[in-house]
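Visitor: Shown below is the structure under consideration.
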Amino acid sequence: MPAARRRATRSPAAAPVRSPGGGEPAPLAPVRGPSAQLLAVVLLAVALNANTLANGWALDDAPIITANPAVQAGLRGLPRIFASDAYAGYYASLGAGDLLAGGRYRPLSIATFAVEHELFGDSPAVGHAGNVALYALTVAVLLVLLRRHVLPRDADAAFLAALLFTVHPLHTEVVANVKSRDEILSLLFILVALLLVLRHAEAPRPRTLVLAALSAGAALLSKEWGVVLVALVPLSLWLFTKTGAASIARRTAPFAALTGVYLVLRFRTTAGLASTRPPDLLTDPFLHATPAEAVGTKLFALLDYVRLLVWPARLSADYSFAAIPYRSPGDPLVVFSIALYLAIVVLGIAAARKRSPLAFAAAFYLFPLVLVSNFLFPIGAVLGERLVYHSSVGFCLAAGVGLLAALRRAFEPGPARRAAFLGVAAVLVVVAGGRTVTRNADWKDDATLFLHDVAVVPRSVLANGNASAACVVRAEGADGEAREALLRRGAAYAETALALHPGYVDGWFDLGAARYGLGDVDGAARAWNEARRLFPGHADLPERDRALAAGYLARAQARYRAGDVTGAGEELEKGRRYAPESPELAYWSGGVKRAQGDLQGARAAWEAAAARAPRNADLLGQLGELYLTMGEKERAAEVLERALALRPGDPALGKLLDQARKGR
């Protein structure tokens, strides 16, 4: 290939595009060499997130990892993982397959969990270490991409953007929630694919393009975000190389083909997986909104993403129904959101015409965000912090370029400018990095996370429900007043959730658990029966029924011993609604009836109990004594002989048996 041809296709690493900061800026970063900067951001990423290694499992780790039969099968589960929806195994284990709606085909990250389980068992430390390592690798690849191709003549802006990405607290959900490895892997492979395709434009070796395509495939198998490469690849080639349109089309074609193959595979894997239950506010947060309110709220959510990126002080893992009130299109904040995003689009187009890196920033911010905006298709949530992880690349790039441009305007070249740069970097590390560390601690376990987040989003249905469950769990390890306070607090959270969403099944389960712990068995029964009405086949109902039966039995025993025989009978009847085959309830029911003089009723109850518990010596003794009282000595002797065989030498049983044998 002629030398002139090679120069014409080289990227800005050799034929640079002018930096937005202007001119050839003097280096400002205290860490300047490429290797030194790579080491700095990698070590910083590890240091800020190292405290996650002490955390346990939290939030979605259960359905994806610890309660996912395919992951728990280790390597044997890999075929199932690559052939099914991400949540299929979990919902099937709950007997709730009718709640599963298709569309979550993300096998690669789940496969890594299966491999880890095969090697290390259920180790949250291993899972967290994997996420931290992959996040550190992601910031390294991002820095390389920015320095070599996006901002090749402005290493300071590239470093500042990568630094902001590294320390940004909004990434804590992605790193600290092990399940969110799908987000990390997806972005990592997207960045690798872009890096390789731009390198291929510099030196068109087939192997480089093949590796780029393989990275794109891995990104798609990690999570659906990989589809943005169909737009980002041609845009990057246009912005950062002098490649012609035909060459751009040829290099983009493999990514388009891969995306098509992935969509077919995804459809074939998840087709037919649709919920047969009525729509619910937790899966469709716009269910009660008018069409205008739905549009207004979606536009407001886009503004809220900007708020979280600019000021990530109060963070939550949940923004479910009612956390974000419905907004009308005329709401001033909605209007501001429209104006802001129109400005981003217009400025992005203008930057693209100038082949400015800011066009890449705008595209990397907008393209992933469109997928989770609820405008193309519903995603089951208004917004989520993990959902802006990919878009944060564009934000951090624009912020890095903008901050550096502001410093260059404010300070003359020299020590003052370098000191200002160092000050900005230090503030980012201390303030944003410090917030990252403290937020990571919130992810210690479910209870810590839920009780923190409910204070951030006090009107979220799910946050209140989760906080209620957390209080009940913590109450199990508490005593006295502390236990009662936790249970009352748990009941209050559940009541708040149900006031916002009366059809919230888990809320009724949570309320029942709190009331049961407080000794209010009737209140627990009412709550769990409401859950039964809403979800008759729920897998947790048999366990709750057993708890109610035990609770009513305990109350019956207490009332019987207090001399309230009638009240004891009432409690036993309530218990038998939930465990009609219980021999213990039947045994006590027989005792109550015997105390009331209802010998036939006692006989029926004890015979039923004996049929289900034939080796209960006490029960057989009571039944034998009853037969004796009723004059049925043959039966009495038979039953008492069985009782004495179970308890040889018992004097009371022996005496009764002697009486039964007399006159036979």
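Following the order of the structure tokens, first chain is A, next is B, and so on, with residues numbered from 1 inside each chain and ligands from 1 in the order they appear.
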Name the residues in contact with Ala441 of chain A at a cut-off of 10 Å, using only C-alpha atoms, excluding same-chain residues fewer than 3 positions from it; report them as a PyMOL selection string.
Guide: chain A and resi 49+51-52+54-55+172+176+435-438+444-445+448-449
Visitor: One decimal, in Å: what's the spacing between atom CA of Gly77 of chain A and atom CA of Ile64 of chain A?
Guide: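 Atom CA of Ile64 of chain A lies at a distance of 12.7 Å from atom CA of Gly77 of chain A.
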Visitor: Would you please give, as a list of chain:residue names, all residues of segment 272-304 of chain A that DSSP assigns to helix (DSSP H, G or I) based on the backbone?
Guide: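 Of segment 272-304 of chain A, the ones in helix (DSSP H, G or I) are A:Pro291, A:Ala292, A:Glu293, A:Ala294, A:Val295, A:Gly296, A:Thr297, A:Lys298, A:Leu299, A:Phe300, A:Ala301, A:Leu302, A:Leu303, A:Asp304.
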Visitor: Take the residues that were just selected and, keeping all heavy atoms, output them as an mmCIF file, in the first residue's frame.
Guide:
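The file below, out17.cif, is the result:
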```
data_model
loop_
_atom_site.group_PDB
_atom_site.id
_atom_site.type_symbol
_atom_site.label_atom_id
_atom_site.label_comp_id
_atom_site.auth_asym_id
_atom_site.auth_seq_id
_atom_site.Cartn_x
_atom_site.Cartn_y
_atom_site.Cartn_z
ATOM 1 N N PRO A 291 -51.838 9.341 29.178
ATOM 2 C CA PRO A 291 -50.800 9.385 28.133
ATOM 3 C C PRO A 291 -49.904 10.611 28.248
ATOM 4 O O PRO A 291 -48.683 10.515 28.071
ATOM 5 C CB PRO A 291 -51.612 9.387 26.840
ATOM 6 C CG PRO A 291 -52.874 8.662 27.186
ATOM 7 C CD PRO A 291 -53.178 9.055 28.601
ATOM 8 N N ALA A 292 -50.495 11.751 28.565
ATOM 9 C CA ALA A 292 -49.688 12.974 28.706
ATOM 10 C C ALA A 292 -48.755 12.872 29.916
ATOM 11 O O ALA A 292 -47.585 13.273 29.848
ATOM 12 C CB ALA A 292 -50.600 14.186 28.844
ATOM 13 N N GLU A 293 -49.260 12.336 31.025
ATOM 14 C CA GLU A 293 -48.416 12.180 32.214
ATOM 15 C C GLU A 293 -47.287 11.193 31.974
ATOM 16 O O GLU A 293 -46.166 11.382 32.477
ATOM 17 C CB GLU A 293 -49.270 11.725 33.395
ATOM 18 C CG GLU A 293 -50.161 12.807 33.973
ATOM 19 C CD GLU A 293 -51.085 12.275 35.055
ATOM 20 O OE1 GLU A 293 -51.413 11.064 35.024
ATOM 21 O OE2 GLU A 293 -51.483 13.072 35.925
ATOM 22 N N ALA A 294 -47.571 10.148 31.213
ATOM 23 C CA ALA A 294 -46.523 9.169 30.917
ATOM 24 C C ALA A 294 -45.379 9.832 30.147
ATOM 25 O O ALA A 294 -44.200 9.645 30.476
ATOM 26 C CB ALA A 294 -47.098 8.005 30.119
ATOM 27 N N VAL A 295 -45.724 10.623 29.143
ATOM 28 C CA VAL A 295 -44.695 11.320 28.367
ATOM 29 C C VAL A 295 -43.943 12.315 29.252
ATOM 30 O O VAL A 295 -42.704 12.381 29.237
ATOM 31 C CB VAL A 295 -45.326 12.047 27.159
ATOM 32 C CG1 VAL A 295 -44.305 12.959 26.484
ATOM 33 C CG2 VAL A 295 -45.877 11.033 26.166
ATOM 34 N N GLY A 296 -44.684 13.091 30.036
ATOM 35 C CA GLY A 296 -44.045 14.075 30.907
ATOM 36 C C GLY A 296 -43.104 13.440 31.919
ATOM 37 O O GLY A 296 -42.000 13.943 32.167
ATOM 38 N N THR A 297 -43.518 12.324 32.485
ATOM 39 C CA THR A 297 -42.691 11.650 33.497
ATOM 40 C C THR A 297 -41.438 11.050 32.865
ATOM 41 O O THR A 297 -40.350 11.093 33.453
ATOM 42 C CB THR A 297 -43.503 10.566 34.209
ATOM 43 O OG1 THR A 297 -44.715 11.134 34.712
ATOM 44 C CG2 THR A 297 -42.719 9.967 35.368
ATOM 45 N N LYS A 298 -41.565 10.504 31.673
ATOM 46 C CA LYS A 298 -40.395 9.964 30.979
ATOM 47 C C LYS A 298 -39.390 11.074 30.673
ATOM 48 O O LYS A 298 -38.173 10.880 30.808
ATOM 49 C CB LYS A 298 -40.829 9.261 29.694
ATOM 50 C CG LYS A 298 -41.645 7.997 29.927
ATOM 51 C CD LYS A 298 -42.244 7.463 28.636
ATOM 52 C CE LYS A 298 -43.209 6.304 28.900
ATOM 53 N NZ LYS A 298 -43.847 5.815 27.653
ATOM 54 N N LEU A 299 -39.893 12.234 30.270
ATOM 55 C CA LEU A 299 -39.002 13.364 29.992
ATOM 56 C C LEU A 299 -38.355 13.876 31.272
ATOM 57 O O LEU A 299 -37.172 14.244 31.286
ATOM 58 C CB LEU A 299 -39.782 14.489 29.308
ATOM 59 C CG LEU A 299 -40.228 14.188 27.872
ATOM 60 C CD1 LEU A 299 -41.229 15.237 27.396
ATOM 61 C CD2 LEU A 299 -39.016 14.157 26.934
ATOM 62 N N PHE A 300 -39.108 13.876 32.360
ATOM 63 C CA PHE A 300 -38.537 14.299 33.643
ATOM 64 C C PHE A 300 -37.448 13.331 34.094
ATOM 65 O O PHE A 300 -36.426 13.748 34.657
ATOM 66 C CB PHE A 300 -39.628 14.384 34.703
ATOM 67 C CG PHE A 300 -39.093 14.713 36.067
ATOM 68 C CD1 PHE A 300 -38.764 16.016 36.407
ATOM 69 C CD2 PHE A 300 -38.891 13.715 37.012
ATOM 70 C CE1 PHE A 300 -38.258 16.317 37.660
ATOM 71 C CE2 PHE A 300 -38.390 14.004 38.263
ATOM 72 C CZ PHE A 300 -38.068 15.310 38.589
ATOM 73 N N ALA A 301 -37.662 12.051 33.849
ATOM 74 C CA ALA A 301 -36.652 11.057 34.237
ATOM 75 C C ALA A 301 -35.336 11.319 33.519
ATOM 76 O O ALA A 301 -34.255 11.140 34.098
ATOM 77 C CB ALA A 301 -37.159 9.648 33.933
ATOM 78 N N LEU A 302 -35.397 11.750 32.268
ATOM 79 C CA LEU A 302 -34.168 12.079 31.545
ATOM 80 C C LEU A 302 -33.418 13.227 32.220
ATOM 81 O O LEU A 302 -32.186 13.236 32.267
ATOM 82 C CB LEU A 302 -34.497 12.453 30.094
ATOM 83 C CG LEU A 302 -35.073 11.326 29.229
ATOM 84 C CD1 LEU A 302 -35.405 11.843 27.840
ATOM 85 C CD2 LEU A 302 -34.104 10.150 29.151
ATOM 86 N N LEU A 303 -34.167 14.180 32.760
ATOM 87 C CA LEU A 303 -33.530 15.267 33.506
ATOM 88 C C LEU A 303 -32.947 14.757 34.811
ATOM 89 O O LEU A 303 -31.875 15.207 35.253
ATOM 90 C CB LEU A 303 -34.557 16.371 33.775
ATOM 91 C CG LEU A 303 -34.038 17.607 34.520
ATOM 92 C CD1 LEU A 303 -32.959 18.317 33.711
ATOM 93 C CD2 LEU A 303 -35.183 18.563 34.824
ATOM 94 N N ASP A 304 -33.621 13.814 35.430
ATOM 95 C CA ASP A 304 -33.134 13.261 36.690
ATOM 96 C C ASP A 304 -31.818 12.510 36.493
ATOM 97 O O ASP A 304 -30.973 12.482 37.391
ATOM 98 C CB ASP A 304 -34.185 12.330 37.300
ATOM 99 C CG ASP A 304 -34.338 12.550 38.799
ATOM 100 O OD1 ASP A 304 -33.988 13.645 39.278
ATOM 101 O OD2 ASP A 304 -34.802 11.635 39.485
#
```
Visitor: A:Ala419, A:Ala425, A:Leu553, A:Ala660: which is nearest Glu638 of chain A, counting only C-alpha atoms?
Guide: A:Ala660
Visitor: Smallest atom-to-atom distance to Pro542 of chain A: which of A:Ile379, A:Trp528, A:Leu258, A:Ala362, using only C-alpha atoms?
Guide: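 Nearest candidate to Pro542 of chain A out of A:Ile379, A:Trp528, A:Leu258, A:Ala362: A:Trp528.
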Visitor: List the neighbours of Gly394 of chain A out to 9 Å using only C-alpha atoms; skip same-chain residues closer than 3 positions along the sequence, and give me the result as a CSV table (one decimal) with N, CA and C atoms, in the first residue's frame.
Guide:
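Result written to selection21.csv:
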```csv
chain,number,residue,atom,x,y,z
A,358,LEU,N,-16.5,16.2,21.0
A,358,LEU,CA,-17.8,16.4,21.7
A,358,LEU,C,-19.0,15.8,21.1
A,360,PHE,N,-18.8,12.8,19.8
A,360,PHE,CA,-18.7,11.4,20.3
A,360,PHE,C,-19.2,11.4,21.7
A,361,ALA,N,-19.0,12.4,22.5
A,361,ALA,CA,-19.5,12.5,23.9
A,361,ALA,C,-21.0,12.6,23.9
A,362,ALA,N,-21.6,13.4,23.0
A,362,ALA,CA,-23.1,13.5,22.9
A,362,ALA,C,-23.7,12.2,22.5
A,363,ALA,N,-23.0,11.5,21.5
A,363,ALA,CA,-23.6,10.3,21.0
A,363,ALA,C,-23.5,9.2,22.0
A,364,PHE,N,-22.4,9.1,22.7
A,364,PHE,CA,-22.2,8.1,23.7
A,364,PHE,C,-23.1,8.3,24.9
A,365,TYR,N,-23.5,9.5,25.1
A,365,TYR,CA,-24.5,9.8,26.2
A,365,TYR,C,-25.9,9.5,25.7
A,366,LEU,N,-26.3,9.9,24.5
A,366,LEU,CA,-27.7,9.8,24.1
A,366,LEU,C,-28.0,8.4,23.6
A,390,HIS,N,-23.5,3.4,31.0
A,390,HIS,CA,-22.9,3.5,29.7
A,390,HIS,C,-22.9,5.0,29.3
A,391,SER,N,-24.0,5.7,29.5
A,391,SER,CA,-24.1,7.1,29.1
A,391,SER,C,-23.1,7.9,29.8
A,397,LEU,N,-16.7,12.4,29.5
A,397,LEU,CA,-15.9,13.0,28.4
A,397,LEU,C,-16.2,14.5,28.2
A,398,ALA,N,-17.5,14.8,28.1
A,398,ALA,CA,-17.9,16.2,28.0
A,398,ALA,C,-17.5,17.1,29.2
A,399,ALA,N,-17.6,16.5,30.4
A,399,ALA,CA,-17.3,17.2,31.6
A,399,ALA,C,-15.8,17.4,31.7
```
